[in-house]
Structures are given as structure tokens and as C-alpha cells.
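Input: a single structure, listed below in C-alpha cells.
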Amino acid sequence: MRSNPKIIVLKTREIIYTLLLLFLAILLITCLVLMFSGKLGKSNVHNGVTSKSSQTAQSSEDSAQSASESKRFTAGIYTTPVTLGDSTVDVEVSVDQNHINAIRLVNLSEATAAAFPLVSPSLEHITSQILERQSLEDITCPQENKYTSQLLLSAIAQALERAQEAN
């Protein structure tokens with residue numbers, strides 16, 4: 001019995017392409033694992049969002065927090081417009097002299113609600129916390145709704161600021 005040796009001829013180009021494909025596959029898997037494990041986004045939640053619009057929202061929130069700490073409002077209903085795509089929705093905040101009574105969305109069409117499905121649940125989550133605490137301090141936002149929640153918190157902060165200034 002004789003064994004017939006088999007000779008495999010590999011071209012350099014095929015080896016390079018294979019190694020490059022293997023490298024890209026490992027890189028893709030690593031990125032997917034990091035993205036879905038949540039390790040990339042958690043630092044932004046604790047340290048604050050670093051975009052310019054979010055910093056503006058944060059400063060508005062901070063000023064409204066100091067306004068809500070004194071608990072001195074002029075009773076009334078205050079609205080702040082929020083632009084969602086091509087439409088504008090008003091965030092309405094109802095206050096009396098010492099309490100935040102209600103927060104709701106006004107002029108939210110069905111088309112806008114369908115195009116931005118996270119707006120209503122985010123507002124409900126934020127509203128329950130604000131009405132319980134009567135302050136914008138220590139409001140938590142779910143990771144999947146953090147940008148929507150920041151937008152709504154900014155609008156609420158502006159409305160509360162107007163309620164404080166009217167006093």
C-alpha cells in the first residue's frame with residue numbers, strides 16, 4: 001500500500017484575504033459584544049451626556065431644580081414647545097403655589113406618536129417621579145429612553161422656570 005501525498009498550493013493573496021476576513025470578523029464580534037453588554041453607554045448615564053444640546057438641557061434642568069427647591073410658583077399652566085421631526089408638541093406643566101400638579105403632552109397627533117413611540121412612555125415615567133418628589137432632582141431615565149427623557153426634562157425645566165419667574 002502506497003500513500004499518495006497530497007500537495008496543497010496556497011497563494012499569498014488567498015492567505016492575506018483569509019487573515020483580513022478573520023480580523024474583521026473578530027473585530028465585529030467584539031464590537032457587538034461591547035454594544036449589547038451595555039458597557040459602552042453606561043459611563044454617559046452617570047457622567048451626563050456630553051453633546052451641546054444635552055449640556056443646554058442639563059443647565060436648564062439645573063436652574064429649574066433650584067427653582068423647584070424653593071417651591072414658590074405662580075399658580076397656572078405653563079407650556080414649552082418641543083420639536084419632534086416636522087411637528088411641534090407642547091409639554092404642559094400645571095402648578096399651584098407650592099406643588100407641581102400635572103405634566104402632559106398637548107397637540108400630540110397620532111402620526112407624531114407613531115413616529116416617536118418613546119415620547120409618551122418616557123413622559124409617564126418622568127411625570128410619576130416628578131409628582132412624587134415635587135422636584136427635578138434624582139430623576140432616573142431608562143437607558144433606552146435617555147435622549148427622549150432628556151428632551152422632555154429640558155422642556156419641563158423651562159416651564160417650571162417660567163412658573164418661578166412669574167412669581
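Starting from 1 in every chain, residues are counted up; chains themselves are A, B, ... following the order of the C-alpha cells, and ligands are numbered from 1 as listed.
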
Neighbouring residues of stretch 130-133 of chain A were defined as those with any atom within 8 Å, considering only C-alpha atoms; residues of the same chain fewer than 5 positions away were excluded. Please report them as a PDB file with N, CA and C atoms, in the first residue's frame.
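Wrote around21.pdb, looks like this:
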```
ATOM      1  N   ILE A 100     -46.261  70.867  42.060  1.00  0.00           N
ATOM      2  CA  ILE A 100     -46.412  70.526  40.645  1.00  0.00           C
ATOM      3  C   ILE A 100     -47.579  69.552  40.584  1.00  0.00           C
ATOM      4  N   ASN A 101     -48.627  69.923  39.883  1.00  0.00           N
ATOM      5  CA  ASN A 101     -49.852  69.117  39.903  1.00  0.00           C
ATOM      6  C   ASN A 101     -49.935  68.110  38.762  1.00  0.00           C
ATOM      7  N   ALA A 102     -49.534  68.498  37.549  1.00  0.00           N
ATOM      8  CA  ALA A 102     -49.672  67.598  36.404  1.00  0.00           C
ATOM      9  C   ALA A 102     -48.689  67.992  35.312  1.00  0.00           C
ATOM     10  N   ILE A 139     -34.025  62.377  39.125  1.00  0.00           N
ATOM     11  CA  ILE A 139     -34.922  61.741  38.171  1.00  0.00           C
ATOM     12  C   ILE A 139     -34.100  60.738  37.378  1.00  0.00           C
TER      13      ILE A 139
END
```

Distance table requested - stretch 65-111 of chain A against stretch 146-156 of chain A, cut-off 7 Å, only C-alpha atoms: one row per qualifying residue with the closest atom pair and its distance in Å to one decimal, ordered by chain and rising residue number, as JSON lines.
```
{"residue": "A:Thr80", "atom": "CA", "partner": "A:Ala155", "partner_atom": "CA", "distance": 5.6}
{"residue": "A:Val82", "atom": "CA", "partner": "A:Ala155", "partner_atom": "CA", "distance": 6.9}
{"residue": "A:Val91", "atom": "CA", "partner": "A:Ala155", "partner_atom": "CA", "distance": 6.6}
{"residue": "A:Val93", "atom": "CA", "partner": "A:Ile156", "partner_atom": "CA", "distance": 6.8}
```

Task: Residue nearest A:Thr127 among A:Gln158, A:Ser109, A:Asn4, A:Ser94 (counting only C-alpha atoms) - done: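 Of A:Gln158, A:Ser109, A:Asn4, A:Ser94, the one nearest A:Thr127, counting only C-alpha atoms, is A:Ser94.
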
Task: Pick from A:Gly85, A:Glu92, A:Glu110, A:Ala157, whichever lies nearest to A:Glu137 using only C-alpha atoms - done: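 Smallest separation from A:Glu137 among the options: A:Ala157.
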
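Coordinates place atom CA of A:Val95 at a distance of 8.4 Å from atom CA of A:Leu160.
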
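Here atom CA of A:Ser135 is placed at a distance of 24.1 Å from atom CA of A:Thr83.
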
TODO: Would you work out the distance separating atom CA of A:Thr112 from atom CA of A:Glu124, expressed in Å to one decimal?
DONE: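 Pair atom CA of A:Thr112 / atom CA of A:Glu124 returns 16.7 Å.
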
Could you pull out the alpha helix (DSSP H) residues of stretch 62-157 of chain A from DSSP and send them as a tab-separated table (two decimals) with C-alpha atoms, in the first residue's frame?
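Saved result, states-v1.tsv, follows:
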```tsv
chain	number	residue	atom	x	y	z
A	62	ASP	CA	-30.23	72.59	36.99
A	63	SER	CA	-31.79	76.04	37.03
A	64	ALA	CA	-35.27	74.52	37.24
A	65	GLN	CA	-34.11	72.26	40.05
A	66	SER	CA	-33.08	75.27	42.08
A	67	ALA	CA	-36.41	76.89	41.19
A	68	SER	CA	-38.37	73.84	42.25
A	69	GLU	CA	-36.42	73.53	45.50
A	70	SER	CA	-37.83	76.82	46.78
A	110	GLU	CA	-51.38	60.17	16.16
A	111	ALA	CA	-48.82	60.43	13.35
A	112	THR	CA	-46.26	62.04	15.66
A	113	ALA	CA	-46.97	59.49	18.40
A	114	ALA	CA	-46.45	56.69	15.87
A	115	ALA	CA	-43.24	58.25	14.54
A	119	VAL	CA	-42.23	60.05	23.93
A	120	SER	CA	-45.40	59.06	25.83
A	121	PRO	CA	-43.85	56.26	27.95
A	122	SER	CA	-40.87	58.49	28.76
A	123	LEU	CA	-43.14	61.31	29.89
A	124	GLU	CA	-45.20	58.94	32.05
A	125	HIS	CA	-42.03	57.61	33.69
A	126	ILE	CA	-40.67	61.12	34.34
A	127	THR	CA	-44.04	62.53	35.46
A	128	SER	CA	-44.56	59.87	38.11
A	129	GLN	CA	-41.14	60.63	39.60
A	130	ILE	CA	-41.58	64.42	39.49
A	131	LEU	CA	-45.05	64.33	41.05
A	132	GLU	CA	-43.79	62.03	43.80
A	133	ARG	CA	-40.68	64.11	44.59
A	146	LYS	CA	-32.35	58.58	27.84
A	147	TYR	CA	-32.28	61.08	24.96
A	148	THR	CA	-36.05	61.35	24.77
A	149	SER	CA	-36.19	61.74	28.55
A	150	GLN	CA	-33.51	64.47	28.47
A	151	LEU	CA	-35.52	66.36	25.87
A	152	LEU	CA	-38.68	66.14	27.96
A	153	LEU	CA	-36.87	67.04	31.19
A	154	SER	CA	-35.47	70.12	29.50
A	155	ALA	CA	-38.95	71.22	28.42
A	156	ILE	CA	-40.36	70.61	31.92
A	157	ALA	CA	-37.46	72.55	33.43
```

Task: Long-range neighbours of A:Val89 as a list of chain:residue names, 6 Å cut-off, only C-alpha atoms, 5 positions minimum in chain - done: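 Those residues are A:Pro81, A:Val82, A:Asn107, A:Leu108.
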
- [ ] Counting only C-alpha atoms, figure out which residue out of A:Thr30, A:Asn98, A:Gln143, A:Ser37 gets nearest to A:Ala75.
- [x] A:Asn98
